[in-house]
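Coordinates from run32.txt are shown below (compact mmCIF, C-alpha atoms and all ligand atoms).
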```
# COMPACT_ATOMS: atom_id res chain seq x y z
CA MET A 1 200.56 196.77 38.77
CA ASN A 2 200.73 193.29 40.30
CA ARG A 3 200.08 190.29 38.08
CA ILE A 4 197.95 187.53 39.54
CA LEU A 5 197.47 184.15 37.91
CA LEU A 6 194.15 182.79 39.15
CA ILE A 7 193.61 179.05 38.73
CA ILE A 8 189.92 178.29 39.11
CA GLY A 9 189.19 174.74 40.27
CA GLY A 10 186.01 172.78 39.69
CA GLY A 11 183.72 173.39 42.63
CA ILE A 12 180.38 175.06 43.24
CA ALA A 13 182.25 177.99 44.88
CA ALA A 14 183.85 178.81 41.51
CA TYR A 15 181.11 181.42 41.02
CA LYS A 16 182.75 183.54 43.78
CA CYS A 17 185.76 183.94 41.50
CA LEU A 18 183.73 186.23 39.23
CA ASP A 19 183.37 188.71 42.08
CA LEU A 20 186.98 188.09 43.11
CA ILE A 21 188.22 189.08 39.64
CA ARG A 22 186.17 192.28 39.71
CA ARG A 23 187.47 193.25 43.16
CA LEU A 24 191.09 192.55 42.21
CA ARG A 25 190.84 194.56 39.00
CA GLU A 26 189.13 197.44 40.84
CA ARG A 27 192.20 197.49 43.10
CA GLY A 28 194.51 197.83 40.11
CA HIS A 29 195.76 194.24 39.81
CA HIS A 30 196.16 192.44 36.50
CA VAL A 31 194.37 189.08 36.58
CA ARG A 32 194.98 186.25 34.14
CA VAL A 33 192.87 183.11 34.53
CA VAL A 34 193.39 179.40 33.97
CA MET A 35 190.35 177.17 34.45
CA THR A 36 190.35 173.42 35.00
CA ARG A 37 188.00 171.41 32.81
CA ALA A 38 185.75 170.82 35.86
CA ALA A 39 185.66 174.58 36.58
CA THR A 40 184.13 175.19 33.14
CA GLU A 41 181.16 173.07 34.26
CA PHE A 42 180.39 175.66 36.94
CA ILE A 43 181.17 178.98 35.25
CA THR A 44 182.02 179.72 31.63
CA PRO A 45 185.33 180.96 30.21
CA LEU A 46 183.22 183.54 28.37
CA SER A 47 182.02 185.25 31.57
CA VAL A 48 185.50 185.02 33.11
CA GLY A 49 187.11 186.48 29.97
CA ALA A 50 184.57 189.31 29.92
CA LEU A 51 185.65 190.27 33.44
CA THR A 52 189.41 189.91 32.95
CA ASN A 53 189.33 191.38 29.45
CA GLU A 54 191.82 188.67 28.52
CA ARG A 55 191.91 185.26 26.96
CA VAL A 56 191.11 182.49 29.47
CA PHE A 57 193.33 179.41 29.33
CA THR A 58 191.84 175.95 29.75
CA ASP A 59 193.80 173.44 27.70
CA LEU A 60 197.38 172.19 27.94
CA PHE A 61 197.46 171.04 24.34
CA ASP A 62 195.89 174.09 22.67
CA LEU A 63 198.30 175.09 19.91
CA ASP A 64 196.87 178.61 19.64
CA ASP A 65 197.38 179.19 23.37
CA GLU A 66 200.90 177.78 23.20
CA ARG A 67 201.76 180.10 20.30
CA GLU A 68 200.31 183.09 22.11
CA ILE A 69 201.87 182.36 25.51
CA GLY A 70 203.40 178.96 26.39
CA HIS A 71 202.37 177.26 29.60
CA ILE A 72 205.81 177.84 31.12
CA ARG A 73 205.48 181.59 30.56
CA LEU A 74 201.99 181.47 32.01
CA ALA A 75 203.54 179.92 35.12
CA ARG A 76 206.24 182.57 35.43
CA ASP A 77 204.66 185.79 34.11
CA CYS A 78 203.01 186.66 37.40
CA ASP A 79 203.78 187.76 40.95
CA LEU A 80 201.46 185.28 42.64
CA VAL A 81 199.52 182.14 41.74
CA VAL A 82 196.11 181.87 43.44
CA VAL A 83 194.20 178.58 43.44
CA ALA A 84 190.49 179.08 44.18
CA PRO A 85 188.46 177.08 44.81
CA GLY A 86 191.25 174.70 45.78
CA THR A 87 189.59 171.34 45.34
CA ALA A 88 190.74 168.09 46.97
CA ASP A 89 191.78 166.88 43.52
CA LEU A 90 193.92 169.96 42.76
CA MET A 91 195.55 169.73 46.18
CA ALA A 92 196.35 166.05 45.61
CA LYS A 93 197.86 166.82 42.22
CA MET A 94 199.96 169.64 43.66
CA ALA A 95 201.15 167.55 46.60
CA GLY A 96 202.00 164.63 44.30
CA GLY A 97 203.73 166.78 41.66
CA HIS A 98 201.35 165.76 38.88
CA ALA A 99 201.34 167.58 35.55
CA ASN A 100 198.51 166.09 33.54
CA ASP A 101 196.49 169.18 32.71
CA LEU A 102 197.17 172.89 32.28
CA ALA A 103 196.50 173.87 35.90
CA SER A 104 198.70 171.18 37.48
CA THR A 105 201.47 171.71 34.91
CA ILE A 106 201.56 175.43 35.66
CA LEU A 107 201.64 174.79 39.39
CA LEU A 108 204.57 172.41 38.97
CA ALA A 109 206.46 174.76 36.65
CA SER A 110 205.92 177.94 38.63
CA ASP A 111 208.59 179.54 40.80
CA LYS A 112 206.15 182.09 42.24
CA PRO A 113 204.46 182.10 45.66
CA VAL A 114 201.22 180.09 45.69
CA LEU A 115 198.10 180.88 47.71
CA ILE A 116 195.39 178.25 47.90
CA ALA A 117 191.82 178.81 49.10
CA PRO A 118 190.46 175.30 49.68
CA ALA A 119 186.78 174.55 49.17
CA MET A 120 185.26 171.10 49.38
CA ASN A 121 182.88 168.93 51.33
CA PRO A 122 183.87 168.83 55.06
CA ARG A 123 184.47 165.07 54.95
CA MET A 124 186.80 165.49 52.02
CA TRP A 125 188.66 168.26 53.88
CA LEU A 126 188.93 166.11 57.02
CA ASN A 127 189.89 162.95 55.13
CA PRO A 128 193.40 161.81 56.17
CA ALA A 129 194.54 161.95 52.52
CA THR A 130 193.59 165.65 52.25
CA ARG A 131 195.14 166.36 55.66
CA ARG A 132 198.39 164.76 54.44
CA ASN A 133 198.30 166.76 51.20
CA ALA A 134 197.63 170.01 53.07
CA ALA A 135 200.59 169.32 55.40
CA LEU A 136 202.87 168.54 52.46
CA LEU A 137 201.85 171.70 50.63
CA SER A 138 202.36 173.86 53.72
CA ALA A 139 205.80 172.34 54.18
CA ASP A 140 206.54 173.19 50.54
CA GLY A 141 205.77 176.85 51.27
CA VAL A 142 202.23 177.04 49.86
CA THR A 143 200.08 179.51 51.83
CA PHE A 144 196.50 178.58 52.79
CA VAL A 145 193.57 180.88 53.39
CA GLY A 146 190.58 179.08 54.88
CA PRO A 147 188.59 177.02 54.46
CA GLY A 148 185.75 178.70 56.32
CA VAL A 149 183.35 176.72 58.49
CA GLY A 150 179.61 176.65 57.85
CA GLU A 151 176.75 175.29 55.76
CA MET A 152 177.64 173.59 52.48
CA ALA A 153 175.78 173.87 49.21
CA GLU A 154 174.65 170.23 49.71
CA ARG A 155 171.64 170.00 52.03
CA GLY A 156 172.41 168.92 55.58
CA GLU A 157 176.19 169.19 55.19
CA ALA A 158 178.13 171.56 57.41
CA GLY A 159 181.66 171.94 58.75
CA PRO A 160 185.05 173.14 57.48
CA GLY A 161 185.20 173.41 53.69
CA ARG A 162 183.66 176.68 52.56
CA LEU A 163 185.65 178.96 50.26
CA VAL A 164 186.50 182.05 52.33
CA GLU A 165 184.54 185.18 51.43
CA VAL A 166 185.92 187.43 48.70
CA PRO A 167 187.15 190.30 50.97
CA GLU A 168 189.17 187.82 53.05
CA LEU A 169 190.59 186.30 49.89
CA VAL A 170 191.56 189.74 48.53
CA GLU A 171 193.28 190.55 51.83
CA ALA A 172 195.23 187.27 51.79
CA ILE A 173 196.27 187.87 48.17
CA GLU A 174 197.46 191.40 48.87
CA ARG A 175 199.48 190.21 51.87
CA LEU A 176 201.51 188.03 49.52
CA LEU A 177 201.96 190.53 46.71
CA PRO A 178 205.22 192.43 46.49
CA THR A 179 204.90 196.16 47.06
CA ALA A 180 206.19 198.66 44.50
CA THR A 181 209.34 199.26 46.58
CA MET A 182 210.03 195.56 46.58
CA LYS A 183 209.69 195.33 42.81
CA ASP A 184 212.26 198.10 42.40
CA ALA A 185 214.68 196.02 44.43
CA ASP A 186 215.55 193.31 41.89
CA GLY A 187 219.29 192.57 41.90
CA LEU A 188 219.86 194.83 44.90
CA LEU A 189 222.08 192.34 46.74
CA ALA A 190 223.99 191.11 43.70
CA GLY A 191 227.62 190.43 44.60
CA CYS A 192 226.86 190.11 48.34
CA HIS A 193 227.11 187.06 50.55
CA VAL A 194 224.25 186.77 53.03
CA LEU A 195 224.45 184.24 55.87
CA VAL A 196 221.22 183.23 57.61
CA THR A 197 220.51 180.91 60.55
CA SER A 198 217.05 179.38 60.82
CA GLY A 199 214.94 176.88 62.73
CA PRO A 200 215.38 175.39 66.18
CA THR A 201 218.29 173.42 67.57
CA HIS A 202 217.93 169.99 69.13
CA GLU A 203 220.07 169.36 72.20
CA PRO A 204 220.31 165.66 73.02
CA ILE A 205 219.40 164.26 76.42
CA ASP A 206 220.10 160.68 75.36
CA PRO A 207 220.03 158.93 71.96
CA VAL A 208 216.23 159.27 71.66
CA ARG A 209 215.33 162.44 73.57
CA TYR A 210 216.24 166.07 73.07
CA ILE A 211 215.48 169.65 74.16
CA ALA A 212 213.88 171.72 71.39
CA ASN A 213 211.50 174.62 70.72
CA ARG A 214 208.61 175.48 68.41
CA SER A 215 210.53 177.29 65.65
CA SER A 216 209.49 176.00 62.20
CA GLY A 217 212.23 177.75 60.21
CA LYS A 218 209.62 179.64 58.15
CA GLN A 219 210.94 183.12 59.02
CA GLY A 220 214.63 182.28 58.60
CA HIS A 221 214.05 180.36 55.37
CA ALA A 222 211.96 183.26 54.02
CA ILE A 223 214.88 185.61 54.73
CA ALA A 224 217.27 183.32 52.86
CA ALA A 225 214.81 183.13 49.94
CA ALA A 226 214.36 186.91 49.92
CA ALA A 227 218.11 187.54 49.91
CA ALA A 228 218.54 185.08 47.02
CA ALA A 229 215.67 186.73 45.14
CA LEU A 230 217.51 190.05 45.47
CA GLY A 231 220.57 188.50 43.85
CA ALA A 232 222.71 187.61 46.88
CA ARG A 233 224.78 184.46 47.27
CA VAL A 234 223.12 182.92 50.30
CA THR A 235 224.27 180.38 52.89
CA LEU A 236 221.52 179.06 55.14
CA VAL A 237 222.48 177.22 58.31
CA SER A 238 219.35 175.43 59.39
CA GLY A 239 218.40 173.43 62.46
CA PRO A 240 216.01 170.47 62.04
CA VAL A 241 212.91 171.71 60.16
CA ALA A 242 210.16 170.10 58.12
CA ILE A 243 209.96 172.73 55.39
CA ALA A 244 211.55 172.74 51.94
CA ASP A 245 214.94 174.33 51.26
CA PRO A 246 214.66 177.73 49.55
CA VAL A 247 215.60 177.66 45.88
CA GLY A 248 219.10 178.81 44.90
CA VAL A 249 220.51 178.77 48.43
CA LEU A 250 223.40 176.72 49.88
CA VAL A 251 221.99 174.87 52.90
CA HIS A 252 223.98 173.42 55.81
CA ARG A 253 221.83 171.23 58.04
CA VAL A 254 222.78 171.01 61.70
CA GLU A 255 221.19 169.74 64.89
CA THR A 256 222.80 171.37 67.88
CA ALA A 257 223.87 174.89 68.80
CA ALA A 258 227.51 173.77 68.78
CA GLU A 259 227.13 172.45 65.21
CA MET A 260 225.37 175.66 64.19
CA MET A 261 228.25 177.72 65.63
CA GLU A 262 230.76 175.68 63.65
CA ALA A 263 228.77 175.92 60.40
CA VAL A 264 228.36 179.69 60.80
CA ARG A 265 232.09 180.13 61.38
CA GLY A 266 232.79 177.99 58.30
CA ALA A 267 230.45 180.09 56.14
CA LEU A 268 232.14 183.43 56.91
CA PRO A 269 233.06 185.93 55.53
CA ALA A 270 229.66 187.43 54.78
CA ASP A 271 228.42 190.93 54.04
CA VAL A 272 225.24 190.46 56.03
CA ALA A 273 224.50 187.88 58.74
CA VAL A 274 220.97 187.30 59.99
CA PHE A 275 220.46 185.18 63.10
CA ALA A 276 216.82 184.07 62.91
CA ALA A 277 217.37 180.64 64.45
CA ALA A 278 215.86 179.86 67.83
CA VAL A 279 219.05 178.48 69.33
CA ALA A 280 218.71 176.58 72.61
CA ASP A 281 220.35 178.63 75.34
CA TRP A 282 221.28 175.51 77.29
CA ARG A 283 222.22 171.93 76.62
CA VAL A 284 222.53 168.89 78.81
CA ASP A 285 226.03 168.79 80.24
CA ARG A 286 226.58 165.15 79.47
CA ALA A 287 224.03 163.53 77.16
CA ALA A 288 223.62 159.84 78.08
CA SER A 289 225.05 157.44 75.55
CA ASP A 290 222.23 154.93 76.23
CA LYS A 291 218.53 155.58 76.59
CA ILE A 292 217.84 156.68 80.17
CA LYS A 293 215.66 154.02 81.77
CA LYS A 294 212.65 154.74 83.93
CA GLY A 295 213.24 152.89 87.14
CA ALA A 296 214.79 152.67 90.52
CA GLN A 297 216.83 155.91 90.28
CA GLY A 298 213.61 157.95 90.09
CA VAL A 299 213.23 161.09 87.95
CA PRO A 300 216.60 161.93 86.35
CA LYS A 301 218.12 165.32 87.10
CA LEU A 302 219.39 167.07 84.00
CA ALA A 303 222.41 169.28 84.58
CA LEU A 304 222.34 172.06 81.97
CA ILE A 305 225.22 174.13 80.70
CA GLU A 306 225.18 177.22 78.51
CA ASN A 307 225.45 176.93 74.74
CA PRO A 308 227.72 179.25 72.77
CA ASP A 309 225.93 182.47 71.85
CA ILE A 310 226.41 182.46 68.09
CA LEU A 311 225.10 185.98 67.46
CA LYS A 312 227.19 187.49 70.25
CA THR A 313 230.32 185.64 69.15
CA ILE A 314 230.03 186.79 65.52
CA ALA A 315 228.91 190.34 66.37
CA SER A 316 231.85 190.83 68.70
CA GLY A 317 234.40 189.22 66.38
CA ARG A 318 237.32 191.54 65.69
CA SER A 319 238.32 190.30 62.28
CA GLY A 320 235.90 189.22 59.57
CA ARG A 321 232.80 190.68 61.26
CA PRO A 322 229.99 190.99 58.67
CA LYS A 323 229.21 194.59 57.72
CA LEU A 324 225.71 194.17 59.09
CA VAL A 325 224.80 191.76 61.90
CA ILE A 326 221.08 191.28 62.47
CA GLY A 327 219.71 189.33 65.42
CA PHE A 328 216.15 188.42 66.32
CA ALA A 329 214.49 188.67 69.70
CA ALA A 330 211.68 186.24 70.45
CA GLU A 331 209.82 187.75 73.38
CA THR A 332 206.58 187.10 75.21
CA SER A 333 206.39 190.44 77.09
CA ASN A 334 207.99 193.92 76.95
CA VAL A 335 209.04 193.04 73.43
CA VAL A 336 210.83 196.27 72.45
CA ALA A 337 212.49 196.83 75.85
CA HIS A 338 213.96 193.31 75.87
CA ALA A 339 215.07 193.72 72.25
CA ARG A 340 216.88 196.97 73.11
CA GLU A 341 218.68 195.14 75.89
CA LYS A 342 219.69 192.37 73.45
CA LEU A 343 220.93 194.94 70.93
CA ARG A 344 223.28 196.22 73.61
CA THR A 345 224.39 192.96 75.21
CA LYS A 346 224.84 190.96 72.01
CA GLY A 347 226.52 193.70 69.98
CA ALA A 348 224.20 193.33 66.96
CA ASP A 349 223.61 196.25 64.60
CA TRP A 350 219.89 195.55 64.45
CA ILE A 351 217.50 193.38 66.41
CA VAL A 352 214.23 192.28 64.86
CA ALA A 353 211.84 191.89 67.77
CA ASN A 354 208.80 189.65 67.54
CA ASP A 355 206.12 188.71 70.04
CA VAL A 356 205.98 184.92 70.23
CA SER A 357 203.39 184.67 73.01
CA HIS A 358 200.50 182.34 72.21
CA ASP A 359 197.90 185.05 72.76
CA SER A 360 199.61 187.64 70.51
CA GLY A 361 196.82 187.16 67.94
CA ILE A 362 199.37 187.51 65.14
CA GLY A 363 198.43 185.66 61.96
CA GLY A 364 194.93 185.04 63.33
CA SER A 365 195.91 181.43 63.97
CA GLN A 366 196.45 179.44 67.11
CA SER A 367 200.03 178.68 66.14
CA GLY A 368 201.10 182.32 66.61
CA VAL A 369 204.43 183.57 65.26
CA MET A 370 206.42 180.39 65.91
CA GLY A 371 205.18 177.97 63.29
CA GLY A 372 202.70 180.44 61.75
CA ASP A 373 202.87 182.24 58.40
CA ALA A 374 202.68 185.86 59.61
CA ASN A 375 204.81 188.08 61.79
CA LEU A 376 204.65 191.52 63.34
CA VAL A 377 208.09 192.90 64.01
CA HIS A 378 209.84 195.95 65.42
CA LEU A 379 213.20 196.81 63.89
CA VAL A 380 215.33 197.97 66.81
CA ARG A 381 218.46 199.99 66.01
CA ALA A 382 220.72 202.14 68.16
CA ASP A 383 219.04 205.25 66.69
CA GLY A 384 215.42 204.18 67.13
CA VAL A 385 212.65 201.65 66.63
CA GLU A 386 210.58 201.09 63.49
CA SER A 387 207.37 199.09 63.97
CA TRP A 388 206.23 197.27 60.86
CA PRO A 389 202.65 196.21 60.18
CA GLU A 390 201.70 192.55 60.46
CA ALA A 391 202.64 190.80 57.22
CA SER A 392 203.47 187.39 55.83
CA LYS A 393 206.90 186.09 56.82
CA SER A 394 207.96 186.41 53.17
CA GLU A 395 207.03 190.07 53.15
CA VAL A 396 208.85 190.73 56.43
CA ALA A 397 211.87 188.97 54.92
CA ARG A 398 211.83 191.01 51.70
CA ARG A 399 211.48 194.25 53.62
CA LEU A 400 214.31 193.29 55.95
CA MET A 401 216.63 192.39 53.09
CA ILE A 402 215.85 195.63 51.24
CA ALA A 403 216.62 197.58 54.42
CA ALA A 404 219.83 195.55 54.84
CA ALA A 405 220.89 196.36 51.27
CA GLY A 406 220.40 200.06 52.03
CA ALA A 407 222.46 199.77 55.21
CA ILE A 408 225.46 198.27 53.42
CA GLY A 409 225.34 200.89 50.68
CA LYS A 410 223.45 198.88 48.07
CA SER A 411 220.51 201.21 47.55
CA ASN A 412 218.43 201.25 44.38
CA LYS A 413 218.74 205.03 43.98
CA GLY A 414 219.84 205.93 40.47
CA ARG A 415 219.50 202.39 39.20
O1 LIG A 501 210.92 179.63 62.82
P1 LIG A 501 209.56 180.27 62.82
O2 LIG A 501 208.47 179.32 63.25
O3 LIG A 501 209.25 180.98 61.53
O4 LIG A 501 209.57 181.41 63.94
C1 LIG A 501 210.42 182.51 63.77
C2 LIG A 501 211.14 182.88 65.08
C3 LIG A 501 210.12 183.36 66.10
C4 LIG A 501 211.93 181.69 65.65
C5 LIG A 501 212.17 184.03 64.70
O5 LIG A 501 211.45 185.11 64.17
C6 LIG A 501 212.95 184.49 65.91
O6 LIG A 501 212.53 185.31 66.72
N1 LIG A 501 214.17 183.93 66.08
C7 LIG A 501 215.03 184.13 67.25
C8 LIG A 501 214.55 183.26 68.34
C9 LIG A 501 215.42 183.35 69.57
O7 LIG A 501 216.07 182.40 69.89
O8 LIG A 501 215.43 184.48 70.17
P2 LIG A 501 216.32 184.82 71.49
O9 LIG A 501 215.72 186.09 71.99
O10 LIG A 501 216.34 183.66 72.42
O11 LIG A 501 217.76 185.04 70.92
C10 LIG A 501 218.21 186.33 70.51
C11 LIG A 501 219.15 186.21 69.33
O12 LIG A 501 220.32 185.50 69.71
C12 LIG A 501 218.59 185.48 68.12
O13 LIG A 501 219.05 186.15 66.98
C13 LIG A 501 219.22 184.08 68.22
O14 LIG A 501 219.39 183.48 66.93
C14 LIG A 501 220.56 184.40 68.86
N2 LIG A 501 221.11 183.34 69.69
C15 LIG A 501 220.48 182.94 70.82
C16 LIG A 501 221.06 181.97 71.61
C17 LIG A 501 222.30 181.40 71.21
N3 LIG A 501 222.88 180.47 71.95
N4 LIG A 501 222.88 181.80 70.08
C18 LIG A 501 222.31 182.76 69.30
O15 LIG A 501 222.86 183.10 68.26
```
In structure tokens, write the structure found in this file.
Amino acid sequence: MNRILLIIGGGIAAYKCLDLIRRLRERGHHVRVVMTRAATEFITPLSVGALTNERVFTDLFDLDDEREIGHIRLARDCDLVVVAPGTADLMAKMAGGHANDLASTILLASDKPVLIAPAMNPRMWLNPATRRNAALLSADGVTFVGPGVGEMAERGEAGPGRLVEVPELVEAIERLLPTATMKDADGLLAGCHVLVTSGPTHEPIDPVRYIANRSSGKQGHAIAAAAAALGARVTLVSGPVAIADPVGVLVHRVETAAEMMEAVRGALPADVAVFAAAVADWRVDRAASDKIKKGAQGVPKLALIENPDILKTIASGRSGRPKLVIGFAAETSNVVAHAREKLRTKGADWIVANDVSHDSGIGGSQSGVMGGDANLVHLVRADGVESWPEASKSEVARRLMIAAAGAIGKSNKGR
């Protein structure tokens, strides 16, 4: 049974949470609820408690609540924290790290994944302050579902800001919940060193310009986080990204492919190495030491040379090769065929193939796989291909790390 902590914010859409609780419980999830003071103006703790069959928590300084279950335990005794409706005020508190009521304190103290379903007036959603807060929260690893677009409760108001409908919310919640297999996996990688590369590389053209790509680091960072959650010692070598470092992971920040190669070499030996970074294949032969000026010489010609192939170098290393070397293949067509070719030419044990074309439809967002929160991958091995369903990048990461543990003889059988 998965344990969901639902934080109900103060908005007219709070009433939808009553149906949400019923649907989640019907599907076998345990739901515990915290309500903000404003939320209690819209629906009562009594009706919420009747549906959860549990005490509803509303006050940070309630001695009875603290004796029964302290706010820190409330924050940790769950698999997922869901904030719905996510008001502009709650988002601002989360983004600013405030802890001045029970809901914000729990959100600050929690180490669990957080899903927020925003709901507010369209102007509030589009306000630059809310845009900034949403960007900060995304960068911190908070997942968003919605808001939907349409008519508001206030007459004559329409636009983005509606709480998504309950079935969509349930689907988003279940995408982030660990499966039973994943729960069995706690401590599976204890005693192992996992090395992960993540993000893009930046290859300088001159002191102010560089060649880059759209990788956000979300998939690689999720793999590092998943390996750490399974008990591994994790080294993450990351290109320039705007997302937070995963907790409990040693991070080396690099810019170029050459620096990434050096950091990877320095981090070995490892039991498992996962190359999720989108490394630039080429760099400018001689980056200019001064800013290239627009002028009489016309359009500059950039002479490119090949970067070191980090995956290939490590996979073909004679001594100190990790037991399991996993590469990724970012493809825009013939995804599995190209991945098979990369498995052969790069000498990896596994290739995780993903479709990064803009029209892949993965994640239902315009950003697609690169930069988005979801992925649909095919695990390509010498003995066959396993296609996994579309899932959050965290779920793909957990599944990959559990499979990796099995491959290096760290299965959970008999544990
Ligand atoms: O970062 P996100 O926004 O979450 O997006 C995730 C992702 C799409 C970047 C990720 O899932 C992914 O596919 N990463 C690999 C991207 C890539 O560069 O693919 P490739 O097909 O060009 O390279 C194949 C493999 O060789 C990769 O494992 C890559 O890390 C490695 N490589 C490539 C070139 C190079 N010079 N050195 C390498 O090690």
Sorted by chain and rising residue number, which residues of chain A lie within 8 Å of ligand LIG 501 (chain A), and what are their closest atom pairs and distances in Å to one decimal, counting all atoms listed in the file, as a tab-separated table?
```
residue	atom	partner	partner_atom	distance
A:Thr197	CA	A:LIG501	O14	7.0
A:Ser198	CA	A:LIG501	O1	6.5
A:Gly199	CA	A:LIG501	O1	4.9
A:Pro200	CA	A:LIG501	O1	7.0
A:Arg214	CA	A:LIG501	O2	6.4
A:Ser215	CA	A:LIG501	O1	3.7
A:Ser216	CA	A:LIG501	O2	3.6
A:Gly217	CA	A:LIG501	O1	3.5
A:Lys218	CA	A:LIG501	O3	3.7
A:Gln219	CA	A:LIG501	O3	3.7
A:Gly220	CA	A:LIG501	O1	6.2
A:His221	CA	A:LIG501	O3	7.8
A:Ala257	CA	A:LIG501	N3	6.5
A:Val274	CA	A:LIG501	O13	7.3
A:Phe275	CA	A:LIG501	O13	4.2
A:Ala276	CA	A:LIG501	N1	4.1
A:Ala277	CA	A:LIG501	O14	4.3
A:Ala278	CA	A:LIG501	O7	3.3
A:Val279	CA	A:LIG501	C16	4.6
A:Ala280	CA	A:LIG501	N3	5.7
A:Asp281	CA	A:LIG501	N3	4.6
A:Trp282	CA	A:LIG501	N3	7.5
A:Glu306	CA	A:LIG501	N3	7.7
A:Asn307	CA	A:LIG501	N3	5.2
A:Pro308	CA	A:LIG501	N3	5.1
A:Asp309	CA	A:LIG501	N4	3.6
A:Ile310	CA	A:LIG501	O15	3.6
A:Leu311	CA	A:LIG501	O15	3.7
A:Lys312	CA	A:LIG501	O15	6.5
A:Thr313	CA	A:LIG501	O15	7.9
A:Ile326	CA	A:LIG501	O13	7.1
A:Gly327	CA	A:LIG501	O13	3.6
A:Phe328	CA	A:LIG501	O13	3.7
A:Ala329	CA	A:LIG501	O9	3.7
A:Ala330	CA	A:LIG501	O6	3.9
A:Glu331	CA	A:LIG501	O9	6.3
A:Ala339	CA	A:LIG501	O9	7.7
A:Lys342	CA	A:LIG501	C10	6.9
A:Lys346	CA	A:LIG501	O12	7.5
A:Ile351	CA	A:LIG501	O13	7.4
A:Val352	CA	A:LIG501	O6	7.4
A:Ala353	CA	A:LIG501	O6	6.7
A:Asn354	CA	A:LIG501	O6	5.8
A:Asp355	CA	A:LIG501	C3	7.8
A:Val356	CA	A:LIG501	C3	6.1
A:Val369	CA	A:LIG501	O4	5.7
A:Met370	CA	A:LIG501	O2	3.5
A:Gly371	CA	A:LIG501	O2	3.6
A:Gly372	CA	A:LIG501	O2	6.1
A:Asp373	CA	A:LIG501	O3	7.2
A:Asn375	CA	A:LIG501	O5	7.7
A:Lys393	CA	A:LIG501	O3	7.3
```
Taking 5 positions as the minimum chain separation for residues in the same chain, which residues sit within 12 Å of Gly409 in chain A when counting all atoms listed in the file? Answer as a ChimeraX atom specification. /A:188-189,192,271-272,323-324,402-404
Nearest residue to Asp186 in chain A out of A:Pro389, A:Ala226, A:Val170, A:Gly239, using all atoms listed in the file? A:Ala226
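Interatomic distance, CA of Ala172 in chain A against CA of Ala88 in chain A: 20.3 Å.
Candidate residues A:Ala212, A:Ala242, A:His202, A:His29 were compared for distance to Glu255 in chain A, and the nearest is A:His202, using all atoms listed in the file.
Ranking A:Ala13, A:Ala391, A:Ala158, A:Leu177 by their shortest atom-to-atom distance to Ala119 in chain A, with all atoms listed in the file included, puts A:Ala13 first.
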